[in-house]
Amino acid sequence: MDLVRDLLDQPVVDRDGCAMGRVDGILLEVREDAPPRVVSIAIGPAVLGERLHRTVGRWIRGIEVACGVAEGRPVEIAITAVTVVNGKVHVDVAAGDTAAPAVEQRVRGWVRRLPGA
Amino acid sequence: MKKIGNLVLGVVTSIGGFVEVGSISTAAQAGSEFGFALLWAVGAAGIMLAMLVEMSGRIASISRQTIAGAVRERFGFHFQAVPLSAELLTDVLLLAAEIGGVGIALRLLTGIGFQWWIVPAAAIAWLILWFGNFTAIEDGVGLLGLVTLSFVVAAWRLHADPAALGRGLIPSVPSHDGVRFAFLAVSILGATVSPYLLNFYASGAVEEDWSAQDLWINRTTAFAGMGFGAIVSMGVLVTAALTLAPRQIRVDSYEQAALMFVPAFGRWGITLFALALGVGCLGAAVEIALNAGYLVAQAFNWTWGVEKKRADTARFSAACTGVLILGAAVAVAGFDPLRITLVSLAMTVMIMPLVVLPFLVLMNDKRFVKEHTSGAIGNVVLAVLVLLGALFAVVVVPLEVFGGG
């Protein structure tokens with residue numbers, strides 16, 4: 001598997017088929033006497049921001065803290081939980097058990113107050 | 001039979017959705033200043049748009065991916081960050097221009113200053129996108145937009161000389177104001193090949209569940225719809241050329257543009273122009289706000305779609321609303337709508353290479369289009385478009401400075 005082509009930036013789908021975001025980062029373990037090993041995938045705008053620049057990542061993290069949605073984010077999913085990679089990254093995790101939908105839920109609370117939502 | 005019905009509806013709504021504030025203002029300026037000499041620019045831009053729209057629909061039908069999603073997956077976020085930010089910024093400016101266009105239309109109808117209409121116009125656009133589903137939005141806005149066909153009727157009633165029209169379709173060099181001529185040609189391209197149309201169209205294809213079996217519908221809708229839409233834009237140019245140019249009226253405001261309908265429709269002229277402008281701009285405002293939501297949601301893989309309940313697509317719905325509010329805020333700040341239009345068109349041209357270049361790669365990547373990759377002609381045209389886009393992006397600022405005034 002080509003990590004950048006097949007894994008990074010691909011959509012993540014939980015065990016129920018719900019969208020969980022995209023693979024915003026890949027965590028590698030660097031070992032002395034062996035090739036690096038993929039440990040987990042990371043989902044969250046702070047990780048994405050860090051890919052652009054460390055400061056951008058810090059700003060996004062700060063916004064998440066200020067909005068009270070930072071707990072459990074960025075979401076890290078062990079690579080062992082990745083079941084299929086076929087254009088989408090299927091993971092054996094329920095999105096609701098992670099902090100992935102935290103922002104959606106927060107915004108949903110506001111949207112629900114509007115008529116017709 | 002149902003598919004034929006959908007096809008006809010798709011083509012008709014494409015015509016209705018084609019004309020908005022940018023295409024009306026640039027075509028009116030071109031006609032009033034250079035007669036029929038820039039008809040070829042409208043035609044060429046229409047063909048380019050039709051090709052790109054067809055490709056957007058093809059990617060969506062085959063891979064069930066929209067352009068924003070496909071670009072993130074194929075090129076990564078580092079590449080996408082720049083065009084995504086630029087397109088969102090352009091969407092805000094275009095929205096301001098479109099909402100301003102609705103305000104101008106209501107001013108022409110009521111005599112009340114356009115700034116007073118900005119907030120009501122934005123509220124109407126929001127109500128449409130909040131309470132409508134995709135079909136209602138696309139078909140409703142598109143069918144209402146057929147009022148823009150009055151530009152073609154106007155051109156017809158003014159008895160344009162067919163030979164002169166034919167000459168206008170052949171690119172030529174003007175005898176005067178070459179810089180202004182080039183500026184308007186590039187502006188027409190920017191007004192026609194709007195990036196928001198491409199992702200909006202692809203998102204619609206995904207929302208309406210198109211598949212490989214719908215490729216012929218896609219092709220016909222793209223070429224017939226955009227082709228007829230370009231004819232409406234040509235109608236604006238021809239009408240302006242026949243009514244404003246002989247009186248040496250330069251279109252410095254939409255009020256002056258409205259005068260072009262008076263010789264063709266008499267006392268109903270201003271009302272009809274206002275309706276065409278208002279409906280065209282309102283439809284475009286709804287589509288641009290939706291597209292901004294689509295862009296962000298697809299780039300980050302949030303749940304999206306106007307067929308779903310708004311609460312189930314909370315971030316997507318909030319993004320559409322937020323961009324609409326930002327656009328209205330820019331419009332309400334009191335900038336001249338025509339000036340905002342020209343700046344947003346210049347920005348559209350500047351980001352065009354970044355928008356078109358990914359098509360060249362995606363349309364040849366079997367992961368996205370399987371065996372339906374572009375042929376040699378498609379690739380050559382796309383490559384030329386990328387090069388032209390890059391050239392225009394470099395010259396647009398000098399042209400804006402020296403030719404825009």
# chains A, B, ... in the order shown; residues from 1 in each chain; ligands from 1
>>> interface_residues(of="chain B", to="chain A", cutoff="7 Å", atoms="only C-alpha atoms", output="PDB file with N, CA and C atoms, in the first residue's frame")
ATOM      1  N   ARG B  72      -9.205  16.373  -3.376  1.00  0.00           N
ATOM      2  CA  ARG B  72      -8.549  16.088  -2.079  1.00  0.00           C
ATOM      3  C   ARG B  72      -7.908  14.696  -2.111  1.00  0.00           C
ATOM      4  N   GLU B  73      -8.642  13.726  -2.662  1.00  0.00           N
ATOM      5  CA  GLU B  73      -8.131  12.359  -2.642  1.00  0.00           C
ATOM      6  C   GLU B  73      -6.989  12.155  -3.616  1.00  0.00           C
ATOM      7  N   GLY B  76      -4.250  15.543  -2.561  1.00  0.00           N
ATOM      8  CA  GLY B  76      -3.918  15.794  -1.163  1.00  0.00           C
ATOM      9  C   GLY B  76      -4.301  17.200  -0.731  1.00  0.00           C
ATOM     10  N   PHE B  77      -4.271  17.408   0.592  1.00  0.00           N
ATOM     11  CA  PHE B  77      -4.764  18.678   1.123  1.00  0.00           C
ATOM     12  C   PHE B  77      -3.831  19.846   0.812  1.00  0.00           C
ATOM     13  N   HIS B  78      -2.517  19.557   0.698  1.00  0.00           N
ATOM     14  CA  HIS B  78      -1.574  20.645   0.414  1.00  0.00           C
ATOM     15  C   HIS B  78      -1.925  21.342  -0.892  1.00  0.00           C
ATOM     16  N   PHE B 131     -35.363  25.497   2.872  1.00  0.00           N
ATOM     17  CA  PHE B 131     -36.603  24.717   2.818  1.00  0.00           C
ATOM     18  C   PHE B 131     -36.748  23.895   1.543  1.00  0.00           C
ATOM     19  N   PHE B 300     -13.837  17.942   3.465  1.00  0.00           N
ATOM     20  CA  PHE B 300     -13.585  17.372   4.790  1.00  0.00           C
ATOM     21  C   PHE B 300     -14.411  16.110   5.075  1.00  0.00           C
ATOM     22  N   ASN B 301     -15.163  15.669   4.059  1.00  0.00           N
ATOM     23  CA  ASN B 301     -16.024  14.484   4.188  1.00  0.00           C
ATOM     24  C   ASN B 301     -17.020  14.595   5.334  1.00  0.00           C
ATOM     25  N   TRP B 302     -17.707  15.746   5.399  1.00  0.00           N
ATOM     26  CA  TRP B 302     -18.846  15.861   6.303  1.00  0.00           C
ATOM     27  C   TRP B 302     -20.060  15.296   5.567  1.00  0.00           C
ATOM     28  N   THR B 303     -21.101  14.961   6.316  1.00  0.00           N
ATOM     29  CA  THR B 303     -22.343  14.549   5.674  1.00  0.00           C
ATOM     30  C   THR B 303     -22.948  15.778   4.992  1.00  0.00           C
ATOM     31  N   LYS B 309     -32.271  16.055   5.784  1.00  0.00           N
ATOM     32  CA  LYS B 309     -32.731  17.044   6.758  1.00  0.00           C
ATOM     33  C   LYS B 309     -31.566  17.942   7.133  1.00  0.00           C
ATOM     34  N   ARG B 310     -31.865  19.223   7.355  1.00  0.00           N
ATOM     35  CA  ARG B 310     -30.786  20.166   7.661  1.00  0.00           C
ATOM     36  C   ARG B 310     -30.046  19.789   8.946  1.00  0.00           C
ATOM     37  N   ALA B 311     -30.786  19.269   9.937  1.00  0.00           N
ATOM     38  CA  ALA B 311     -30.131  18.895  11.198  1.00  0.00           C
ATOM     39  C   ALA B 311     -29.187  17.708  11.003  1.00  0.00           C
ATOM     40  N   ALA B 314     -25.666  19.166   9.638  1.00  0.00           N
ATOM     41  CA  ALA B 314     -25.580  20.437  10.374  1.00  0.00           C
ATOM     42  C   ALA B 314     -24.424  21.323   9.898  1.00  0.00           C
ATOM     43  N   ARG B 315     -23.214  20.743   9.786  1.00  0.00           N
ATOM     44  CA  ARG B 315     -22.067  21.584   9.400  1.00  0.00           C
ATOM     45  C   ARG B 315     -22.215  22.091   7.967  1.00  0.00           C
TER      46      ARG B 315
END
>>> select_by_dssp(residues="chain A", states="alpha helix (DSSP H)", output="PyMOL selection string")
chain A and resi 45-52+54-66+102-111
>>> write_last_selection(atoms="C-alpha atoms", output="compact mmCIF listing (two decimals), in the first residue's frame")
# COMPACT_ATOMS: atom_id res chain seq x y z
CA PRO A 45 -8.73 19.76 11.56
CA ALA A 46 -5.85 20.43 13.97
CA VAL A 47 -3.85 17.61 12.36
CA LEU A 48 -4.73 18.96 8.94
CA GLY A 49 -3.69 22.46 9.98
CA GLU A 50 -0.38 21.13 11.27
CA ARG A 51 0.30 19.68 7.84
CA LEU A 52 0.12 23.21 6.44
CA ARG A 54 2.55 24.16 12.98
CA THR A 55 1.04 27.56 13.81
CA VAL A 56 -2.12 26.82 11.81
CA GLY A 57 -2.49 23.57 13.73
CA ARG A 58 -2.07 25.41 17.05
CA TRP A 59 -4.69 28.01 16.09
CA ILE A 60 -7.21 25.33 15.17
CA ARG A 61 -6.47 23.49 18.39
CA GLY A 62 -7.04 26.76 20.28
CA ILE A 63 -10.39 27.27 18.56
CA GLU A 64 -11.42 23.71 19.46
CA VAL A 65 -10.48 24.33 23.11
CA ALA A 66 -12.36 27.66 23.15
CA ALA A 102 -18.34 16.40 18.37
CA VAL A 103 -18.42 19.47 16.12
CA GLU A 104 -21.32 18.14 14.03
CA GLN A 105 -23.30 17.52 17.23
CA ARG A 106 -22.49 20.98 18.60
CA VAL A 107 -23.57 22.65 15.34
CA ARG A 108 -26.65 20.40 15.18
CA GLY A 109 -27.75 21.82 18.52
CA TRP A 110 -27.76 25.31 16.96
CA VAL A 111 -29.31 24.23 13.66
>>> select_by_dssp(residues="region 45-106 of chain A", states="strand (DSSP E)", output="list in words")
Val75, Glu76, Ile77, Ala78, Val82, Thr83, Val84, Val85, Val89, His90 and Val91 of chain A
>>> residues_around(residues="Ala292 (chain B)", least_positions_apart="5", cutoff="8 Å", atoms="only C-alpha atoms", output="short mmCIF file (atom, residue, chain, number, x, y, z; two decimals) with N, CA and C atoms, in the first residue's frame")
data_model
loop_
_atom_site.label_atom_id
_atom_site.label_comp_id
_atom_site.auth_asym_id
_atom_site.auth_seq_id
_atom_site.Cartn_x
_atom_site.Cartn_y
_atom_site.Cartn_z
N LEU B 88 -13.56 29.71 -2.13
CA LEU B 88 -14.51 30.17 -1.11
C LEU B 88 -14.56 31.70 -1.07
N ASP B 91 -16.41 32.83 -3.99
CA ASP B 91 -17.84 32.59 -3.79
C ASP B 91 -18.47 33.70 -2.96
N TYR B 196 -17.87 27.69 -9.53
CA TYR B 196 -18.97 27.20 -8.68
C TYR B 196 -19.93 26.33 -9.47
N ALA B 319 -22.52 25.89 6.95
CA ALA B 319 -21.53 26.49 6.04
C ALA B 319 -22.24 27.29 4.94
N CYS B 320 -23.31 26.72 4.38
CA CYS B 320 -24.07 27.44 3.33
C CYS B 320 -24.60 28.75 3.91
N VAL B 323 -21.74 31.39 4.62
CA VAL B 323 -21.21 32.05 3.42
C VAL B 323 -22.23 33.07 2.89
#
>>> atom_distance(atom1="CA of Phe151 (chain B)", atom2="CA of Val186 (chain B)")
21.9 Å
>>> residues_around(residues="Ile351 (chain B)", least_positions_apart="6", cutoff="10 Å", atoms="only C-alpha atoms", output="JSON, numbers by chain")
{"B": [82, 83, 84, 86, 87, 90, 190, 195, 389, 390, 392, 393]}
>>> write_last_selection(atoms="C-alpha atoms", output="PDB file, in the first residue's frame")
ATOM      1  CA  VAL B  82      -5.033  27.058  -2.100  1.00  0.00           C
ATOM      2  CA  PRO B  83      -7.846  26.566  -4.668  1.00  0.00           C
ATOM      3  CA  LEU B  84     -10.318  25.731  -1.897  1.00  0.00           C
ATOM      4  CA  ALA B  86      -9.532  30.998  -3.239  1.00  0.00           C
ATOM      5  CA  GLU B  87     -12.797  29.482  -4.432  1.00  0.00           C
ATOM      6  CA  THR B  90     -14.492  34.120  -4.773  1.00  0.00           C
ATOM      7  CA  GLY B 190     -14.406  34.652 -16.049  1.00  0.00           C
ATOM      8  CA  PRO B 195     -15.863  27.300 -10.873  1.00  0.00           C
ATOM      9  CA  GLY B 389      -5.969  30.170 -17.858  1.00  0.00           C
ATOM     10  CA  ALA B 390      -2.394  30.609 -16.604  1.00  0.00           C
ATOM     11  CA  PHE B 392      -5.013  35.142 -18.276  1.00  0.00           C
ATOM     12  CA  ALA B 393      -4.213  34.793 -14.571  1.00  0.00           C
TER      13      ALA B 393
END
>>> residues_around(residues="region 30-36 of chain B", least_positions_apart="3", cutoff="10 Å", atoms="only C-alpha atoms", output="PDB file with C-alpha atoms, in the first residue's frame")
ATOM      1  CA  ILE B  24     -25.209  40.173 -17.953  1.00  0.00           C
ATOM      2  CA  SER B  25     -22.789  42.946 -16.972  1.00  0.00           C
ATOM      3  CA  THR B  26     -19.831  41.762 -19.066  1.00  0.00           C
ATOM      4  CA  ALA B  27     -21.941  41.012 -22.148  1.00  0.00           C
ATOM      5  CA  LEU B  39     -19.564  37.513 -29.676  1.00  0.00           C
ATOM      6  CA  TRP B  40     -16.811  34.956 -30.310  1.00  0.00           C
ATOM      7  CA  ALA B  41     -15.618  35.318 -26.691  1.00  0.00           C
ATOM      8  CA  VAL B  42     -19.086  34.384 -25.389  1.00  0.00           C
ATOM      9  CA  ALA B 160     -29.879  42.109 -35.888  1.00  0.00           C
ATOM     10  CA  ALA B 164     -22.769  41.137 -38.872  1.00  0.00           C
ATOM     11  CA  LEU B 165     -23.566  38.545 -36.204  1.00  0.00           C
ATOM     12  CA  GLY B 166     -21.599  35.976 -38.204  1.00  0.00           C
ATOM     13  CA  ARG B 167     -18.603  38.309 -38.384  1.00  0.00           C
ATOM     14  CA  GLY B 168     -18.795  38.783 -34.616  1.00  0.00           C
ATOM     15  CA  LEU B 169     -18.331  35.062 -34.107  1.00  0.00           C
ATOM     16  CA  PRO B 174     -10.429  45.962 -32.509  1.00  0.00           C
ATOM     17  CA  SER B 175      -9.562  49.245 -34.179  1.00  0.00           C
ATOM     18  CA  HIS B 176      -9.672  51.092 -30.840  1.00  0.00           C
ATOM     19  CA  ASP B 177      -9.150  50.468 -27.103  1.00  0.00           C
ATOM     20  CA  ARG B 180     -10.244  47.392 -22.850  1.00  0.00           C
ATOM     21  CA  PHE B 181     -11.216  44.848 -25.535  1.00  0.00           C
ATOM     22  CA  PHE B 183     -10.074  43.052 -20.534  1.00  0.00           C
ATOM     23  CA  LEU B 184     -13.678  42.442 -21.556  1.00  0.00           C
ATOM     24  CA  ALA B 185     -12.774  39.230 -23.412  1.00  0.00           C
ATOM     25  CA  SER B 187     -13.981  39.099 -18.094  1.00  0.00           C
ATOM     26  CA  ILE B 188     -16.464  37.248 -20.318  1.00  0.00           C
ATOM     27  CA  MET B 234     -25.144  36.476 -26.711  1.00  0.00           C
ATOM     28  CA  GLY B 235     -28.657  37.919 -26.610  1.00  0.00           C
ATOM     29  CA  VAL B 236     -27.519  40.360 -23.912  1.00  0.00           C
ATOM     30  CA  LEU B 237     -24.496  41.380 -25.973  1.00  0.00           C
ATOM     31  CA  VAL B 238     -26.483  41.786 -29.199  1.00  0.00           C
ATOM     32  CA  THR B 239     -29.256  43.763 -27.500  1.00  0.00           C
ATOM     33  CA  ALA B 240     -26.691  46.087 -25.887  1.00  0.00           C
ATOM     34  CA  ALA B 241     -24.876  46.462 -29.214  1.00  0.00           C
ATOM     35  CA  LEU B 242     -28.078  47.419 -31.046  1.00  0.00           C
ATOM     36  CA  THR B 243     -29.497  49.753 -28.414  1.00  0.00           C
ATOM     37  CA  LEU B 244     -26.707  51.225 -26.276  1.00  0.00           C
ATOM     38  CA  ALA B 245     -23.747  51.357 -28.708  1.00  0.00           C
ATOM     39  CA  PRO B 246     -25.473  53.662 -31.299  1.00  0.00           C
ATOM     40  CA  ARG B 247     -26.311  56.103 -28.480  1.00  0.00           C
ATOM     41  CA  GLN B 248     -22.752  55.768 -27.116  1.00  0.00           C
ATOM     42  CA  ILE B 249     -24.062  54.704 -23.718  1.00  0.00           C
ATOM     43  CA  ARG B 250     -21.340  52.883 -21.758  1.00  0.00           C
ATOM     44  CA  VAL B 251     -22.591  50.505 -19.098  1.00  0.00           C
ATOM     45  CA  ALA B 257     -27.846  48.363 -18.771  1.00  0.00           C
ATOM     46  CA  MET B 260     -31.252  48.270 -23.492  1.00  0.00           C
TER      47      MET B 260
END
>>> atom_distance(atom1="CA of Gly334 (chain B)", atom2="CA of Thr110 (chain B)")
18.8 Å
>>> closest_residue(among="A:Gly68, A:Pro74, A:Pro36, A:Gly17", to="Val89 (chain A)", atoms="only C-alpha atoms")
A:Gly17
>>> residues_around(residues="Val53 (chain B)", least_positions_apart="2", cutoff="9 Å", atoms="only C-alpha atoms", output="PyMOL selection string")
chain B and resi 48-51+55-58+197-199+201-202+218-219+222-223+226
>>> closest_residue(among="B:Ala125, B:Leu146, B:Val361, B:Leu108", to="Gly225 (chain B)", atoms="only C-alpha atoms")
B:Leu146
